[in-house]
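Here's query-v4.pdb, which has PDB, C-alpha atoms:
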MODEL        1
ATOM      1  CA  MET A 552      21.271  26.792  34.735
ATOM      2  CA  ILE A 553      24.555  25.676  33.206
ATOM      3  CA  SER A 554      23.799  22.114  34.220
ATOM      4  CA  GLU A 555      20.423  22.275  32.469
ATOM      5  CA  GLU A 556      22.035  23.602  29.278
ATOM      6  CA  LYS A 557      24.568  20.772  29.302
ATOM      7  CA  THR A 558      21.791  18.263  29.865
ATOM      8  CA  ASN A 559      19.804  19.704  26.963
ATOM      9  CA  LYS A 560      22.858  19.560  24.692
ATOM     10  CA  HIS A 561      23.474  15.964  25.674
ATOM     11  CA  LEU A 562      19.842  15.102  24.986
ATOM     12  CA  ILE A 563      19.999  16.776  21.572
ATOM     13  CA  LEU A 564      23.181  14.888  20.701
ATOM     14  CA  LEU A 565      21.677  11.631  21.926
ATOM     15  CA  LYS A 566      18.512  12.241  19.934
ATOM     16  CA  GLY A 567      20.518  13.038  16.810
ATOM     17  CA  PHE A 568      22.617   9.908  17.225
ATOM     18  CA  ALA A 569      19.490   7.799  17.723
ATOM     19  CA  LYS A 570      17.929   9.203  14.556
ATOM     20  CA  PHE A 571      21.098   8.367  12.651
ATOM     21  CA  ILE A 572      21.702   4.880  13.969
ATOM     22  CA  LEU A 573      18.139   3.586  14.380
ATOM     23  CA  PRO A 574      17.166   3.339  10.673
ATOM     24  CA  ILE A 575      20.502   1.702   9.864
ATOM     25  CA  THR A 576      20.192  -0.767  12.731
ATOM     26  CA  VAL A 577      16.592  -1.656  11.906
ATOM     27  CA  GLY A 578      17.362  -1.970   8.201
ATOM     28  CA  VAL A 579      20.479  -4.097   8.529
ATOM     29  CA  GLY A 580      19.000  -6.125  11.376
ATOM     30  CA  THR A 581      15.788  -6.903   9.516
ATOM     31  CA  LEU A 582      17.554  -7.899   6.304
ATOM     32  CA  THR A 583      20.003 -10.038   8.280
ATOM     33  CA  ALA A 584      17.136 -11.765  10.066
ATOM     34  CA  LEU A 585      15.438 -12.268   6.711
ATOM     35  CA  GLY A 586      18.551 -13.869   5.275
ATOM     36  CA  LEU A 587      18.869 -16.216   8.235
ATOM     37  CA  SER A 588      15.211 -17.227   8.052
ATOM     38  CA  LEU A 589      15.234 -18.089   4.350
ATOM     39  CA  ASP A 590      16.695 -21.169   2.747
ATOM     40  CA  ASN A 591      20.047 -20.648   1.072
ATOM     41  CA  GLU A 592      18.718 -20.969  -2.484
ATOM     42  CA  THR A 593      16.055 -18.296  -2.003
ATOM     43  CA  TRP A 594      18.418 -15.909  -0.232
ATOM     44  CA  MET A 595      21.056 -16.275  -2.956
ATOM     45  CA  LYS A 596      18.421 -15.210  -5.479
ATOM     46  CA  LEU A 597      17.003 -12.442  -3.321
ATOM     47  CA  TRP A 598      19.979 -10.484  -2.014
ATOM     48  CA  PRO A 599      21.466  -9.536  -5.421
ATOM     49  CA  LEU A 600      18.078  -8.118  -6.444
ATOM     50  CA  LEU A 601      17.734  -6.156  -3.210
ATOM     51  CA  THR A 602      21.242  -4.801  -3.734
ATOM     52  CA  ALA A 603      20.469  -3.902  -7.345
ATOM     53  CA  TYR A 604      17.498  -1.838  -6.173
ATOM     54  CA  PHE A 605      19.900   0.692  -4.679
ATOM     55  CA  PHE A 606      21.466   1.415  -8.064
ATOM     56  CA  PRO A 607      19.617   3.383 -10.774
ATOM     57  CA  PRO A 608      18.097   2.891 -13.260
ATOM     58  CA  LEU A 609      16.730  -0.280 -11.672
ATOM     59  CA  GLY A 610      13.526   0.312  -9.735
ATOM     60  CA  LYS A 611      10.690  -1.663  -8.237
ATOM     61  CA  GLU A 612       9.073  -1.926 -11.669
ATOM     62  CA  SER A 613      12.014  -4.041 -12.857
ATOM     63  CA  VAL A 614      13.366  -5.696  -9.696
ATOM     64  CA  ILE A 615      10.046  -7.152  -8.520
ATOM     65  CA  PRO A 616       9.103  -8.819 -11.842
ATOM     66  CA  ALA A 617      12.673 -10.107 -12.183
ATOM     67  CA  ALA A 618      12.484 -11.672  -8.729
ATOM     68  CA  ILE A 619       9.147 -13.319  -9.477
ATOM     69  CA  ALA A 620      10.530 -14.597 -12.782
ATOM     70  CA  VAL A 621      13.333 -16.463 -10.982
ATOM     71  CA  GLY A 622      10.923 -18.050  -8.527
ATOM     72  CA  ILE A 623      10.930 -15.726  -5.518
ATOM     73  CA  ASN A 624       7.628 -15.464  -3.673
ATOM     74  CA  PRO A 625       5.776 -12.313  -4.880
ATOM     75  CA  LEU A 626       4.850 -11.254  -1.355
ATOM     76  CA  LEU A 627       8.429 -11.684  -0.151
ATOM     77  CA  ILE A 628       9.979  -9.478  -2.823
ATOM     78  CA  ALA A 629       7.200  -6.883  -2.616
ATOM     79  CA  LEU A 630       7.513  -6.479   1.148
ATOM     80  CA  SER A 631      11.325  -6.492   0.977
ATOM     81  CA  ILE A 632      11.496  -3.681  -1.593
ATOM     82  CA  ALA A 633       8.817  -1.668   0.201
ATOM     83  CA  PHE A 634      10.702  -2.094   3.476
ATOM     84  CA  ILE A 635      13.861  -0.706   1.865
ATOM     85  CA  ASP A 636      11.947   2.346   0.624
ATOM     86  CA  SER A 637      10.471   2.859   4.078
ATOM     87  CA  ILE A 638      13.821   2.635   5.868
ATOM     88  CA  VAL A 639      15.529   4.912   3.339
ATOM     89  CA  SER A 640      12.728   7.427   3.824
ATOM     90  CA  LEU A 641      13.040   7.264   7.611
ATOM     91  CA  PHE A 642      16.779   7.908   7.404
ATOM     92  CA  VAL A 643      16.319  10.832   5.012
ATOM     93  CA  VAL A 644      13.541  12.604   6.924
ATOM     94  CA  TRP A 645      15.498  12.272  10.158
ATOM     95  CA  ASN A 646      18.914  13.133   8.712
ATOM     96  CA  TYR A 647      18.127  15.332   5.723
ATOM     97  CA  ASP A 648      21.007  17.790   6.022
ATOM     98  CA  LEU A 649      23.447  14.970   6.699
ATOM     99  CA  THR A 650      22.167  12.990   3.709
ATOM    100  CA  LYS A 651      22.896  15.972   1.447
ATOM    101  CA  LYS A 652      26.573  15.646   2.362
ATOM    102  CA  ILE A 653      26.799  12.024   1.203
ATOM    103  CA  PRO A 654      28.686  11.784  -2.123
ATOM    104  CA  LEU A 655      26.472  11.233  -5.191
ATOM    105  CA  ILE A 656      23.286  11.153  -3.105
ATOM    106  CA  GLY A 657      23.822  14.745  -2.003
ATOM    107  CA  GLY A 658      24.153  15.939  -5.579
ATOM    108  CA  PHE A 659      21.019  14.058  -6.560
ATOM    109  CA  ILE A 660      19.057  15.602  -3.689
ATOM    110  CA  LYS A 661      20.125  19.101  -4.698
ATOM    111  CA  LYS A 662      19.047  18.400  -8.275
ATOM    112  CA  VAL A 663      15.588  17.259  -7.160
ATOM    113  CA  GLU A 664      15.320  20.284  -4.861
ATOM    114  CA  GLU A 665      16.159  22.605  -7.734
ATOM    115  CA  LEU A 666      13.564  21.010 -10.001
ATOM    116  CA  GLY A 667      10.973  21.177  -7.244
ATOM    117  CA  ARG A 668      11.620  24.837  -6.497
ATOM    118  CA  LYS A 669      11.444  25.730 -10.184
ATOM    119  CA  GLY A 670       8.022  24.135 -10.378
ATOM    120  CA  SER A 671       8.979  21.224 -12.597
ATOM    121  CA  LYS A 672       5.916  19.661 -14.254
ATOM    122  CA  ARG A 673       7.086  16.313 -12.991
ATOM    123  CA  TYR A 674       6.649  17.334  -9.356
ATOM    124  CA  ARG A 675       4.381  20.373  -9.076
ATOM    125  CA  TRP A 676       1.141  18.361  -9.105
ATOM    126  CA  ILE A 677       2.155  16.844  -5.764
ATOM    127  CA  LYS A 678       2.057  20.048  -3.705
ATOM    128  CA  PRO A 679      -1.718  20.623  -3.622
ATOM    129  CA  LEU A 680      -2.330  16.953  -2.822
ATOM    130  CA  ARG A 681       0.370  16.802  -0.133
ATOM    131  CA  PHE A 682       0.080  13.423   1.677
ATOM    132  CA  ILE A 683      -1.965  11.779  -1.081
ATOM    133  CA  GLY A 684       0.366  13.274  -3.676
ATOM    134  CA  ILE A 685       3.432  11.679  -2.090
ATOM    135  CA  VAL A 686       1.609   8.351  -1.778
ATOM    136  CA  LEU A 687       0.641   8.404  -5.461
ATOM    137  CA  PHE A 688       4.100   9.542  -6.536
ATOM    138  CA  VAL A 689       5.857   6.698  -4.725
ATOM    139  CA  MET A 690       3.306   4.191  -6.014
ATOM    140  CA  VAL A 691       4.093   5.013  -9.648
ATOM    141  CA  PRO A 692       6.327   2.232 -10.982
ATOM    142  CA  PHE A 693       8.826   4.349 -12.878
ATOM    143  CA  GLN A 694      12.404   5.415 -12.294
ATOM    144  CA  GLY A 695      12.886   8.137  -9.713
ATOM    145  CA  SER A 696       9.664   7.567  -7.789
ATOM    146  CA  GLY A 697      11.055   5.701  -4.796
ATOM    147  CA  GLY A 698      11.471   6.460  -1.128
ATOM    148  CA  LEU A 699      14.409   8.846  -1.535
ATOM    149  CA  VAL A 700      12.748  11.236  -3.980
ATOM    150  CA  GLY A 701       9.420  10.969  -2.187
ATOM    151  CA  SER A 702      11.107  12.033   1.056
ATOM    152  CA  ILE A 703      12.807  14.986  -0.637
ATOM    153  CA  LEU A 704       9.534  16.181  -2.139
ATOM    154  CA  GLY A 705       7.746  15.830   1.187
ATOM    155  CA  ARG A 706      10.263  18.183   2.740
ATOM    156  CA  LEU A 707      10.040  20.628  -0.164
ATOM    157  CA  ILE A 708       6.271  21.000   0.167
ATOM    158  CA  GLY A 709       6.530  21.520   3.917
ATOM    159  CA  MET A 710       5.265  18.208   5.252
ATOM    160  CA  LYS A 711       6.355  17.083   8.695
ATOM    161  CA  PRO A 712       8.941  14.278   8.805
ATOM    162  CA  TRP A 713       6.558  11.679  10.222
ATOM    163  CA  ALA A 714       3.861  12.569   7.687
ATOM    164  CA  THR A 715       6.372  12.298   4.856
ATOM    165  CA  TRP A 716       7.619   8.934   6.093
ATOM    166  CA  ALA A 717       4.067   7.632   6.491
ATOM    167  CA  ALA A 718       3.148   8.762   2.967
ATOM    168  CA  VAL A 719       6.264   7.208   1.431
ATOM    169  CA  THR A 720       5.743   3.960   3.337
ATOM    170  CA  THR A 721       2.082   3.762   2.327
ATOM    171  CA  GLY A 722       2.926   4.406  -1.312
ATOM    172  CA  ALA A 723       5.832   1.962  -1.280
ATOM    173  CA  PHE A 724       3.893  -0.965   0.168
ATOM    174  CA  THR A 725       0.833  -0.323  -1.993
ATOM    175  CA  GLY A 726       2.853   0.098  -5.173
ATOM    176  CA  CYS A 727       5.113  -2.893  -4.575
ATOM    177  CA  LEU A 728       2.209  -5.195  -3.757
ATOM    178  CA  LEU A 729       0.350  -4.116  -6.901
ATOM    179  CA  ILE A 730       3.404  -4.653  -9.088
ATOM    180  CA  ALA A 731       3.997  -8.075  -7.551
ATOM    181  CA  TYR A 732       0.354  -9.016  -8.023
ATOM    182  CA  PHE A 733       0.247  -8.141 -11.710
ATOM    183  CA  ALA A 734       3.721  -9.543 -12.396
ATOM    184  CA  ASN A 735       2.655 -12.833 -10.852
ATOM    185  CA  ILE A 736      -0.493 -12.873 -13.000
ATOM    186  CA  LEU A 737       1.618 -12.273 -16.107
ATOM    187  CA  LYS A 738       3.943 -15.100 -15.105
ATOM    188  CA  SER A 739       0.964 -17.433 -14.663
ATOM    189  CA  ILE A 740      -0.357 -16.475 -18.094
ATOM    190  CA  LEU A 741       3.051 -17.118 -19.649
ATOM    191  CA  ILE A 742       3.141 -20.575 -18.090
ATOM    192  CA  LYS A 743      -0.404 -21.491 -19.129
ATOM    193  CA  ASN A 744      -0.503 -19.739 -22.499
ATOM    194  CA  PHE A 745       2.917 -18.695 -23.725
ATOM    195  CA  ILE A 746       1.691 -16.874 -26.844
ATOM    196  CA  LEU A 747      -0.867 -14.804 -24.938
ATOM    197  CA  GLY A 748       1.599 -14.043 -22.173
ATOM    198  CA  LEU A 749       4.289 -13.044 -24.651
ATOM    199  CA  THR A 750       1.823 -10.792 -26.455
ATOM    200  CA  LEU A 751       0.905  -9.024 -23.224
ATOM    201  CA  LEU A 752       4.583  -8.665 -22.363
ATOM    202  CA  ILE A 753       5.330  -7.092 -25.747
ATOM    203  CA  VAL A 754       2.383  -4.696 -25.394
ATOM    204  CA  LEU A 755       3.608  -3.609 -21.961
ATOM    205  CA  LEU A 756       7.132  -3.169 -23.287
ATOM    206  CA  ILE A 757       5.931  -1.039 -26.202
ATOM    207  CA  ALA A 758       3.809   1.071 -23.849
ATOM    208  CA  PHE A 759       6.819   1.615 -21.607
ATOM    209  CA  ILE A 760       9.043   2.588 -24.550
ATOM    210  CA  LEU A 761       6.428   5.046 -25.837
ATOM    211  CA  TYR A 762       6.167   6.547 -22.363
ATOM    212  CA  ARG A 763       9.934   7.012 -22.164
ATOM    213  CA  VAL A 764      10.078   8.548 -25.645
ATOM    214  CA  ALA A 765       7.239  10.950 -24.832
ATOM    215  CA  LYS A 766       8.866  11.854 -21.533
ATOM    216  CA  THR A 767      12.219  12.522 -23.201
ATOM    217  CA  GLY A 768      10.510  14.706 -25.794
ATOM    218  CA  ASN A 769       8.770  16.751 -23.105
ATOM    219  CA  ASN A 770      12.024  17.202 -21.214
ATOM    220  CA  GLN A 771      13.742  18.476 -24.348
ATOM    221  CA  LYS A 772      10.926  20.952 -24.984
ATOM    222  CA  ASN A 773      10.984  22.201 -21.411
ATOM    223  CA  ASN A 774      14.782  22.415 -21.316
ATOM    224  CA  PRO A 775      15.961  23.525 -24.772
ATOM    225  CA  LYS A 776      19.704  23.583 -25.257
ATOM    226  CA  ARG A 777      21.285  26.966 -25.382
ATOM    227  CA  LYS A 778      23.136  27.757 -28.551
TER     228      LYS A 778
ENDMDL
END
Target encoding structure tokens, full file:
Amino acid sequence: MISEEKTNKHLILLKGFAKFILPITVGVGTLTALGLSLDNETWMKLWPLLTAYFFPPLGKESVIPAAIAVGINPLLIALSIAFIDSIVSLFVVWNYDLTKKIPLIGGFIKKVEELGRKGSKRYRWIKPLRFIGIVLFVMVPFQGSGGLVGSILGRLIGMKPWATWAAVTTGAFTGCLLIAYFANILKSILIKNFILGLTLLIVLLIAFILYRVAKTGNNQKNNPKRK
């Protein structure tokens, strides 16, 4: 009996260690292999952008177009960013409580949890849609809609870890590929017809600014400052 308990404890510890180390190993190993397989010029352009993706406010909506603008293959940058989201999600769903103890990230997770539990308008539409909701949320090319937040929300609405990871991964790959596709089209238009391309770019920029202004206004209405 005692021997069985020890065996079970060892298995639990081994399983926990595997869940911790596997995403890190796969992530680092894949990116290392990618770096070794690419020519030096491409890798020197790519790795700073992949690194920048980890630091807000930069997101896939800015990193992917920037990469395409400097000549990186659209498919390469799209799959690379989506892979990062997928690996981050896998680590979070497997090590959620541990992730909450990581400086800065832990505080951010608690903030998202609080907003989710309070029924924030930004997140509450996801709950009834569950899997599809997480997919759509991660697909949206705006700040705070990546693999980390998607994984947190999946947990909050009671989804199983594997379902959450699958939803985040689906949304990440779909969203990144769409962004890369349209960014590449815009680049082609700029090359062929600079005026038309510039006009489209300005329209998109204005639309983004209006969205941010409207979003800020809604946040101020929903969270009025106490006097």
Inset, instruction - Considering only C-alpha atoms, state which residue in the set A:Val644, A:Met690, A:Leu707, A:Leu649 is at the smallest distance from Arg675 of chain A. - result: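 Under the stated criterion, the closest residue is A:Leu707.
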Show me, as JSON, the centre and edge lengths in Å to one decimal of the axis-aligned box that covers every listed atom of segment 569-578 of chain A with 4 Å on each side.
{"center_x": 19.1, "center_y": 3.6, "center_z": 13.0, "size_x": 13.1, "size_y": 19.2, "size_z": 17.5}
List every residue of segment 670-768 of chain A that has an atom at most 10 Å from any atom of segment 627-641 of chain A, giving for each one its closest atom pair and the distance in Å to one decimal, counting all atoms listed in the file, sorted by chain and then by ascending residue number, as CSV.
residue,atom,partner,partner_atom,distance
A:Val689,CA,A:Asp636,CA,9.2
A:Gly697,CA,A:Asp636,CA,6.4
A:Gly698,CA,A:Asp636,CA,4.5
A:Leu699,CA,A:Ser640,CA,5.8
A:Val700,CA,A:Ser640,CA,8.7
A:Gly701,CA,A:Ser640,CA,7.7
A:Ser702,CA,A:Ser640,CA,5.6
A:Ile703,CA,A:Ser640,CA,8.8
A:Pro712,CA,A:Leu641,CA,8.2
A:Trp713,CA,A:Leu641,CA,8.3
A:Thr715,CA,A:Ser640,CA,8.1
A:Trp716,CA,A:Ser640,CA,5.8
A:Ala717,CA,A:Ser637,CA,8.3
A:Ala718,CA,A:Ser637,CA,9.5
A:Val719,CA,A:Ser637,CA,6.6
A:Thr720,CA,A:Ser637,CA,4.9
A:Thr721,CA,A:Ser637,CA,8.6
A:Gly722,CA,A:Ala633,CA,8.6
A:Ala723,CA,A:Ala633,CA,4.9
A:Phe724,CA,A:Ala633,CA,5.0
A:Thr725,CA,A:Ala633,CA,8.4
A:Gly726,CA,A:Ala633,CA,8.2
A:Cys727,CA,A:Ala629,CA,4.9
A:Leu728,CA,A:Ala629,CA,5.4
A:Leu729,CA,A:Ala629,CA,8.5
A:Ile730,CA,A:Ala629,CA,7.8
A:Ala731,CA,A:Ala629,CA,6.0
A:Tyr732,CA,A:Ala629,CA,9.0
Inset, instruction - Kindly give the distance, in Å, that separates atom CA of Glu664 of chain A and atom CA of Phe605 of chain A, rounded to a single decimal. - result: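 Atom-to-atom, atom CA of Glu664 of chain A to atom CA of Phe605 of chain A, that is 20.1 Å.
Atom pair atom CA of Pro625 of chain A / atom CA of Pro607 of chain A has a distance of 21.7 Å (rounded to one decimal).
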Legend entry - Among the residues A:Met710, A:Ala584, A:Ala569, A:Ala617, the one that comes closest to Asn646 of chain A [using all atoms listed in the file]: A:Ala569
Inset, instruction - May I ask for the distance between atom CA of Tyr674 of chain A and atom CA of Ile656 of chain A, given in Å to one decimal place? - result: 18.8 Å
Legend entry - A:Leu704, A:Pro654, A:Leu741, A:Ala734 ranked by distance to Ala618 of chain A, top pick (using only C-alpha atoms): A:Ala734
Inset, instruction - Tell me which of A:Asp590, A:Leu655, A:Val614, A:Pro692 sits closest to Thr602 of chain A, counting all atoms listed in the file. - result: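 Ranked by minimum distance to Thr602 of chain A, first place goes to A:Val614.
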Inset, instruction - Can you work out which one of A:Lys596, A:Lys662, A:Lys711, A:Lys560 has the shortest atom-to-atom distance to Arg681 of chain A, counting all atoms listed in the file? - result: A:Lys711
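Using only C-alpha atoms, the smallest distance between any of A:Trp598, A:Trp645, A:Glu612, A:Ser588 and Leu755 of chain A comes from A:Glu612.
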